[in-house]
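Visitor: Here you go, this is upload_24.txt (compact mmCIF, C-alpha atoms).
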# COMPACT_ATOMS: atom_id res chain seq x y z
CA MET A 1 60.10 121.83 77.56
CA ILE A 2 62.21 121.73 80.70
CA GLY A 3 65.57 119.95 80.37
CA THR A 4 66.60 117.36 82.94
CA LEU A 5 70.02 116.19 83.93
CA PRO A 6 70.85 112.56 83.11
CA ILE A 7 70.78 110.10 85.98
CA THR A 8 74.03 108.19 86.37
CA THR A 9 76.17 106.58 89.02
CA THR A 10 79.23 108.34 90.41
CA LYS A 11 82.27 107.08 92.21
CA LYS A 12 85.04 108.61 94.21
CA GLY A 13 88.09 109.56 92.15
CA GLU A 14 91.34 107.95 93.24
CA TYR A 15 94.88 107.35 92.04
CA SER A 16 95.85 104.00 90.56
CA SER A 17 97.97 101.72 92.75
CA LYS A 18 100.92 102.02 90.34
CA TYR A 19 100.78 105.83 90.47
CA LEU A 20 100.80 105.70 94.29
CA TYR A 21 103.73 103.27 94.16
CA ILE A 22 105.76 105.68 92.00
CA LYS A 23 104.68 108.55 94.25
CA LYS A 24 106.17 106.69 97.23
CA ILE A 25 109.44 106.30 95.33
CA ASN A 26 109.45 110.03 94.51
CA ASN A 27 108.88 110.96 98.15
CA LYS A 28 111.64 108.67 99.39
CA LEU A 29 114.23 109.90 96.88
CA ARG A 30 113.44 113.54 97.68
CA SER A 31 113.85 112.80 101.39
CA LEU A 32 117.34 111.48 100.57
CA GLY A 33 118.29 114.80 98.98
CA LEU A 34 117.76 114.02 95.29
CA SER A 35 116.09 116.43 92.87
CA GLU A 36 113.71 115.23 90.16
CA VAL A 37 114.35 116.10 86.52
CA ILE A 38 112.38 115.52 83.32
CA THR A 39 114.39 114.98 80.15
CA TYR A 40 113.61 114.45 76.48
CA SER A 41 112.20 111.07 75.42
CA LEU A 42 113.89 111.58 72.05
CA THR A 43 117.57 110.96 71.45
CA ASN A 44 119.98 110.19 68.62
CA LYS A 45 120.94 106.86 67.05
CA ASP A 46 124.31 106.76 68.83
CA ASN A 47 122.76 107.04 72.31
CA VAL A 48 119.86 104.62 71.97
CA LYS A 49 122.03 101.48 72.28
CA LYS A 50 124.19 102.77 75.15
CA PHE A 51 124.15 101.45 78.74
CA THR A 52 122.37 98.23 77.81
CA ASN A 53 123.12 94.76 76.47
CA ASP A 54 119.48 94.12 75.61
CA ASP A 55 118.61 93.10 72.08
CA PHE A 56 115.74 95.29 70.88
CA GLU A 57 114.38 97.10 67.84
CA GLN A 58 114.52 100.87 68.21
CA ILE A 59 111.66 103.19 67.30
CA GLU A 60 112.59 105.91 64.82
CA LEU A 61 110.39 108.89 63.97
CA SER A 62 109.27 109.17 60.37
CA SER A 63 109.33 112.97 60.68
CA TYR A 64 111.84 114.64 62.99
CA LEU A 65 113.26 118.12 63.60
CA SER A 66 116.92 117.15 64.09
CA GLU A 67 119.27 114.15 64.13
CA ASP A 68 119.67 114.57 67.90
CA ARG A 69 115.93 114.03 68.44
CA LYS A 70 115.27 111.25 65.97
CA VAL A 71 114.82 108.05 68.01
CA LEU A 72 112.77 107.18 71.09
CA ARG A 73 115.11 106.35 73.97
CA TYR A 74 115.60 102.91 75.49
CA SER A 75 117.82 103.87 78.44
CA LEU A 76 117.32 107.04 80.49
CA ILE A 77 121.02 107.28 81.41
CA PRO A 78 122.23 109.20 78.30
CA SER A 79 119.55 111.86 78.88
CA LEU A 80 120.51 112.14 82.55
CA LEU A 81 124.20 112.48 81.66
CA GLU A 82 123.37 115.36 79.32
CA THR A 83 121.65 117.12 82.24
CA ILE A 84 124.65 116.48 84.51
CA ASP A 85 127.10 117.79 81.88
CA TYR A 86 124.92 120.87 81.37
CA ASN A 87 125.08 121.66 85.10
CA LEU A 88 128.80 120.91 85.43
CA SER A 89 129.59 123.31 82.58
CA ARG A 90 127.78 126.01 84.58
CA LYS A 91 129.82 125.42 87.77
CA ASN A 92 127.20 123.31 89.53
CA LYS A 93 129.60 120.64 90.79
CA ASP A 94 127.49 118.74 93.34
CA ILE A 95 124.62 117.02 91.55
CA MET A 96 122.09 114.49 92.90
CA ILE A 97 119.26 113.96 90.40
CA TYR A 98 116.79 111.28 89.37
CA GLU A 99 114.12 110.72 86.75
CA VAL A 100 111.11 108.45 86.51
CA GLY A 101 110.27 108.11 82.84
CA LYS A 102 109.39 105.86 79.94
CA SER A 103 111.64 103.88 77.63
CA PHE A 104 110.46 102.57 74.26
CA TYR A 105 111.15 99.69 71.87
CA LYS A 106 109.51 97.31 69.37
CA GLU A 107 108.83 93.63 70.02
CA ASP A 108 106.10 92.47 67.64
CA THR A 109 104.21 95.56 68.78
CA TYR A 110 105.09 98.94 70.27
CA LYS A 111 106.26 98.63 73.90
CA GLU A 112 107.04 101.07 76.68
CA VAL A 113 108.59 100.49 80.10
CA SER A 114 108.66 102.69 83.21
CA LYS A 115 112.19 103.16 84.54
CA LEU A 116 113.93 104.89 87.41
CA CYS A 117 117.32 106.49 86.73
CA ILE A 118 119.60 108.17 89.29
CA GLY A 119 122.79 110.15 88.62
CA ILE A 120 125.19 111.58 91.21
CA THR A 121 128.54 113.36 91.12
CA GLY A 122 130.58 115.71 93.32
CA ASN A 123 129.82 115.83 97.06
CA TYR A 124 126.69 114.54 98.75
CA ILE A 125 127.33 116.68 101.85
CA ASN A 126 129.34 119.88 102.18
CA ASN A 127 129.99 121.38 105.60
CA ASN A 128 132.04 124.56 105.20
CA TRP A 129 132.19 125.19 108.94
CA LYS A 130 133.69 121.81 109.87
CA HIS A 131 135.23 121.27 106.43
CA ASP A 132 133.54 117.88 106.28
CA GLU A 133 132.62 116.34 102.94
CA VAL A 134 130.84 113.17 101.90
CA LYS A 135 131.89 112.34 98.36
CA CYS A 136 129.57 110.72 95.82
CA ASP A 137 130.81 107.22 95.03
CA PHE A 138 129.57 103.69 94.34
CA TYR A 139 128.84 102.97 98.00
CA LEU A 140 126.84 106.15 98.46
CA LEU A 141 124.67 105.25 95.48
CA LYS A 142 124.34 101.70 96.81
CA GLY A 143 123.19 103.20 100.11
CA ILE A 144 120.46 105.15 98.30
CA LEU A 145 119.38 101.96 96.53
CA HIS A 146 119.42 100.04 99.83
CA SER A 147 117.37 102.72 101.60
CA LEU A 148 114.79 102.80 98.79
CA PHE A 149 114.37 99.02 98.69
CA ASN A 150 114.08 98.81 102.47
CA TYR A 151 111.39 101.48 102.30
CA LEU A 152 109.51 99.42 99.70
CA ASP A 153 110.17 96.19 101.66
CA LEU A 154 112.02 94.54 98.77
CA LYS A 155 115.10 92.33 98.99
CA TYR A 156 117.70 92.81 96.28
CA ALA A 157 121.14 91.43 95.43
CA LEU A 158 124.11 92.72 93.44
CA ASP A 159 125.94 90.57 90.91
CA ASN A 160 129.45 91.72 90.01
CA ASP A 161 130.41 88.71 87.90
CA CYS A 162 128.92 89.34 84.48
CA ASP A 163 129.43 91.23 81.23
CA PHE A 164 128.46 94.87 81.51
CA PRO A 165 127.73 97.40 78.75
CA LYS A 166 131.03 99.02 77.74
CA GLN A 167 129.74 102.45 78.82
CA PHE A 168 130.09 101.32 82.47
CA HIS A 169 133.36 101.15 84.39
CA PRO A 170 134.12 97.37 84.48
CA GLY A 171 135.49 97.44 88.05
CA LYS A 172 132.80 99.65 89.57
CA THR A 173 129.54 98.22 88.24
CA SER A 174 127.00 95.60 89.35
CA LYS A 175 123.80 94.08 88.10
CA ILE A 176 120.77 94.61 90.34
CA LEU A 177 118.74 91.44 90.96
CA LEU A 178 115.28 91.18 92.49
CA ASP A 179 114.21 87.60 93.31
CA ASN A 180 117.10 86.51 91.06
CA GLU A 181 115.63 88.47 88.14
CA PHE A 182 117.72 91.17 86.47
CA ILE A 183 116.12 94.62 86.86
CA GLY A 184 118.96 97.07 86.14
CA TYR A 185 122.52 98.31 86.62
CA ILE A 186 124.34 100.36 89.23
CA GLY A 187 127.85 101.68 88.66
CA CYS A 188 130.32 104.29 87.50
CA VAL A 189 130.24 105.75 84.00
CA ASN A 190 133.29 104.66 82.02
CA PRO A 191 135.92 107.47 81.97
CA SER A 192 136.19 107.00 78.20
CA ILE A 193 132.55 108.10 77.93
CA ASN A 194 132.55 110.87 80.52
CA LYS A 195 135.67 112.46 82.02
CA ASN A 196 133.81 113.34 85.25
CA GLU A 197 133.35 110.73 87.98
CA VAL A 198 129.62 110.10 87.62
CA TYR A 199 127.69 107.25 89.24
CA VAL A 200 124.36 106.07 87.84
CA LEU A 201 121.73 103.42 88.33
CA GLU A 202 118.77 102.43 86.21
CA ILE A 203 115.94 100.13 87.30
CA ASP A 204 112.91 98.65 85.54
CA LEU A 205 110.02 99.97 87.66
CA ASP A 206 107.47 97.67 86.00
CA LYS A 207 109.38 94.61 87.26
CA MET A 208 109.66 96.19 90.71
CA TYR A 209 105.94 96.93 90.82
CA SER A 210 105.06 93.38 89.78
CA LYS A 211 106.92 92.09 92.85
CA LYS A 212 105.54 94.57 95.35
CA ILE A 213 104.36 93.08 98.64
CA HIS A 214 100.66 93.61 99.32
CA ASN A 215 100.57 92.30 102.88
CA ILE A 216 103.66 93.40 104.77
CA LYS A 217 104.67 91.05 107.57
CA TYR A 218 106.29 92.59 110.62
CA LYS A 219 108.67 90.94 113.03
CA ASP A 220 110.01 92.02 116.39
CA ILE A 221 113.30 93.82 116.73
CA PRO A 222 115.88 91.26 117.95
CA LYS A 223 116.00 91.14 121.75
CA TYR A 224 119.45 89.59 121.85
CA PRO A 225 122.74 91.02 120.56
CA SER A 226 124.17 90.08 117.18
CA ILE A 227 127.69 88.91 116.39
CA VAL A 228 129.35 90.08 113.17
CA LYS A 229 132.28 88.21 111.61
CA ASP A 230 134.23 88.96 108.44
CA MET A 231 136.10 86.68 106.07
CA ALA A 232 137.77 86.98 102.67
CA PHE A 233 138.49 84.31 100.07
CA LEU A 234 140.47 83.96 96.87
CA PHE A 235 138.21 82.66 94.09
CA ASP A 236 138.56 81.95 90.41
CA LYS A 237 137.17 84.90 88.46
CA SER A 238 134.31 82.75 87.17
CA ILE A 239 132.78 82.35 90.66
CA LYS A 240 129.76 84.57 91.36
CA SER A 241 129.42 86.24 94.75
CA ILE A 242 125.67 85.61 94.80
CA ASP A 243 126.30 81.82 94.68
CA VAL A 244 128.68 82.10 97.64
CA ILE A 245 126.10 84.09 99.62
CA LYS A 246 123.49 81.37 98.95
CA LEU A 247 125.84 78.71 100.31
CA ILE A 248 126.66 80.78 103.41
CA ASN A 249 122.94 81.12 104.18
CA GLU A 250 122.36 77.39 103.64
CA VAL A 251 125.22 76.31 105.90
CA GLY A 252 124.55 78.96 108.56
CA GLY A 253 120.84 78.27 108.78
CA GLU A 254 118.49 80.46 110.80
CA VAL A 255 121.18 82.14 112.88
CA VAL A 256 122.70 83.82 109.78
CA LYS A 257 120.60 86.96 109.47
CA ASP A 258 122.58 88.91 106.87
CA VAL A 259 125.47 88.38 104.44
CA ASP A 260 127.04 91.37 102.74
CA VAL A 261 129.92 91.77 100.28
CA PHE A 262 132.07 94.67 101.48
CA ASP A 263 135.21 94.30 99.35
CA LEU A 264 136.18 93.05 95.90
CA TYR A 265 139.81 93.11 94.78
CA VAL A 266 141.41 92.26 91.45
CA GLY A 267 145.00 93.41 90.98
CA ASP A 268 148.74 92.92 91.15
CA ARG A 269 148.80 91.45 94.65
CA ILE A 270 146.98 88.26 93.59
CA GLU A 271 147.09 85.95 90.58
CA GLU A 272 145.61 87.27 87.34
CA SER A 273 143.03 84.48 87.22
CA LYS A 274 141.90 85.13 90.81
CA LYS A 275 139.80 87.68 92.67
CA SER A 276 139.35 88.40 96.36
CA ILE A 277 135.86 88.80 97.81
CA ALA A 278 135.26 89.74 101.45
CA PHE A 279 132.00 88.95 103.26
CA SER A 280 130.49 90.28 106.47
CA ILE A 281 128.16 87.83 108.22
CA THR A 282 125.67 88.80 110.94
CA PHE A 283 124.67 86.04 113.40
CA ASN A 284 121.63 86.32 115.68
CA ASP A 285 119.32 83.96 117.55
CA ILE A 286 115.80 85.21 118.36
CA ASN A 287 115.58 82.95 121.41
CA LYS A 288 118.87 83.51 123.21
CA THR A 289 122.22 85.29 123.34
CA LEU A 290 124.68 83.52 121.08
CA LYS A 291 128.03 82.57 122.58
CA ASP A 292 131.29 83.06 120.72
CA ASP A 293 132.11 79.34 120.68
CA GLU A 294 128.70 78.53 119.16
CA VAL A 295 129.19 81.09 116.40
CA LEU A 296 132.76 79.94 115.81
CA ILE A 297 131.59 76.38 115.06
CA ILE A 298 129.11 77.64 112.45
CA PHE A 299 131.65 80.13 111.09
CA ASN A 300 134.28 77.41 110.61
CA ASN A 301 131.72 75.14 108.91
CA ILE A 302 130.92 77.96 106.48
CA ILE A 303 134.62 78.43 105.70
CA LYS A 304 135.08 74.68 105.13
CA GLU A 305 132.05 74.45 102.77
CA VAL A 306 133.02 77.55 100.78
CA GLU A 307 136.59 76.29 100.35
CA CYS A 308 135.36 72.85 99.29
CA LYS A 309 132.56 73.81 96.90
CA PHE A 310 134.27 76.76 95.18
CA ASN A 311 137.89 75.61 95.46
CA ALA A 312 138.50 78.83 97.39
CA GLN A 313 141.33 79.84 99.68
CA LEU A 314 140.72 81.72 102.92
CA ARG A 315 142.89 84.82 103.05
CA ASN A 316 145.08 85.66 106.09
CA LYS A 317 144.89 82.17 107.57
Could you quickly redo this structure as structure tokens?
Guide:
Amino acid sequence: MIGTLPITTTKKGEYSSKYLYIKKINNKLRSLGLSEVITYSLTNKDNVKKFTNDDFEQIELSSYLSEDRKVLRYSLIPSLLETIDYNLSRKNKDIMIYEVGKSFYKEDTYKEVSKLCIGITGNYINNNWKHDEVKCDFYLLKGILHSLFNYLDLKYALDNDCDFPKQFHPGKTSKILLDNEFIGYIGCVNPSINKNEVYVLEIDLDKMYSKKIHNIKYKDIPKYPSIVKDMAFLFDKSIKSIDVIKLINEVGGEVVKDVDVFDLYVGDRIEESKKSIAFSITFNDINKTLKDDEVLIIFNNIIKEVECKFNAQLRNK
């Protein structure tokens, strides 16, 4: 009897859309000079609750080899910090690493979430010939975040006015919001936790992927020049910068193309109950060249509305 092969349909093998999405993120981060690492998914009980304010039930192994590898991690940051400390102890001072990995918890059933974690310390650029250095700091990490989200065509916002996990530096940390939904943190590790100046961010990739844009809409590069104006206000500490940005966009209308927070100050030079926030506003009209007097009218209206709604005081009047 002669055997015959079964008849069946075949289809072309291909990657899932989520895998391709994560692959894009990998490619972008590598192009920015970051190196990928893979760390343990297991940690200890002390680490599992760090760098988060989320309320969750941890997953503990019934059989484990050591106390340090007893619980499935929830945040990737502790694992990344161990890798950074390992390199620093071996004289590798300039570190730019990231990890795409899973976090785990219980909520009725077993759950896992894909997360992106980035850790930087030391210098981003060293030029021994010119003796130029670009130091790793909050704004460098924010630039990496901004570049990644632009690449993915996502619009994000930072919220500085909230309670952060105590493992973050309270004056150098922000929440990351995507469509007003919390997706992660960006900031400096608290010096009480790590003596080195290390900056980290952690993002929920599943939330990012759920908001990905399928049909990207393109628009022409502005033909006419933009005008940029800066202003700083004194606010009560309870006021959120994101609410001020919303008001600026509402009052400014279509000619306000971008609003960015470039300075936040809390200290001895102002009242204890106050904080100073500085904004940079970009004005542009797609149909014509804006004149200074036109922009000044809108700019003054913005100042008046911000002062009125938030009981704010314009600095350096």
Visitor: Go through A:Val295, A:Cys188, A:Val306, A:Met96 one by one, measure the shortest atom-to-atom distance of each to Lys166 in chain A using only C-alpha atoms, and give the residue with the smallest value.
Guide: A:Cys188
Visitor: What's the separation between CA of Ala232 in chain A and CA of Ile183 in chain A, in Å to one decimal place?
Guide: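 For CA of Ala232 in chain A relative to CA of Ile183 in chain A, the distance reads 27.9 Å.
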Visitor: Quick one: everything within 12 Å of Cys117 in chain A, counting only C-alpha atoms, minus sequence neighbours fewer than 4 positions away in the same chain. Send it as JSON, numbers by chain.
Guide: {"A": [25, 26, 29, 34, 35, 36, 37, 38, 39, 51, 74, 75, 76, 77, 78, 79, 80, 81, 96, 97, 98, 99, 100, 101, 102, 103, 141, 145, 183, 184, 185, 186, 187, 199, 200, 201, 202, 203, 204, 205]}
Visitor: Of the candidates A:Asn180, A:Ser17, A:Asn287, A:Asn160, which one gets nearest to Ser241 in chain A if we count all atoms listed in the file?
Guide: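 Checking each of A:Asn180, A:Ser17, A:Asn287, A:Asn160 against Ser241 in chain A, counting all atoms listed in the file, the winner is A:Asn160.
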Visitor: Go through A:Glu254, A:Glu82, A:Asp94, A:Asp153 one by one, measure the shortest atom-to-atom distance of each to Asn126 in chain A using only C-alpha atoms, and give the residue with the smallest value.
Guide: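 That would be A:Asp94, the residue with the smallest distance to Asn126 in chain A.
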Visitor: Applying 6 Å and all atoms listed in the file, which residues near Val134 in chain A remain after dropping the ones on its own chain fewer than 6 positions away? List them as a PyMOL selection string.
Guide: chain A and resi 123-125
Visitor: From the set A:Lys288, A:Pro165, A:Lys142, A:Tyr21, which residue has the shortest atom-to-atom contact distance to Asp54 in chain A, counting only C-alpha atoms?
Guide: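 Using only C-alpha atoms, Asp54 in chain A sits closest to A:Pro165.
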Visitor: Which is closest to Phe149 in chain A among A:Lys18, A:Lys172, A:Lys211, A:Lys135, if we use all atoms listed in the file?
Guide: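 For Phe149 in chain A, the nearest of the candidates is A:Lys211.
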Visitor: Quick one, how far is CA of Phe235 in chain A from CA of Lys275 in chain A?
Guide: 5.5 Å
Visitor: Can you work out which one of A:Tyr40, A:Phe310, A:Tyr15, A:Phe233 has the shortest atom-to-atom distance to Phe279 in chain A, counting only C-alpha atoms?
Guide: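 Under the stated criterion, the closest residue is A:Phe233.
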Visitor: One decimal, in Å: what's the spacing between CA of Leu314 in chain A and CA of Ile297 in chain A?
Guide: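 So the two atoms, CA of Leu314 in chain A and CA of Ile297 in chain A, lie 16.1 Å apart.
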Visitor: Edge lengths and centre, in Å to one decimal, as AutoDock Vina command-line options: that's what I need for the box along x, y and z that holds all listed atoms of range 160-173 of chain A plus 8 Å on each side.
Guide:
--center_x 131.6 --center_y 95.6 --center_z 83.9 --size_x 23.8 --size_y 29.7 --size_z 28.3
Visitor: Which neighbours of Val244 in chain A fall inside 12 Å, counting all atoms listed in the file, when residues of the same chain fewer than 5 positions from it are skipped, and could you give them as a list of chain:residue names?
Guide: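 The filter keeps A:Asp159, A:Asp161, A:Ala232, A:Phe233, A:Leu234, A:Phe235, A:Ser238, A:Ile239, A:Asn249, A:Glu250, A:Val251, A:Val259, A:Asp260, A:Val261, A:Ile277, A:Ala278, A:Phe279, A:Ile302, A:Ile303, A:Glu305, A:Val306, A:Glu307, A:Cys308, A:Lys309, A:Phe310, A:Asn311, A:Ala312.
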Visitor: Once you count all atoms listed in the file, which residues end up no further than 7 Å from (108.5, 103.6, 67.7) in the file's frame, shown as a PyMOL selection string?
Guide: chain A and resi 58-61+72+104-106+110
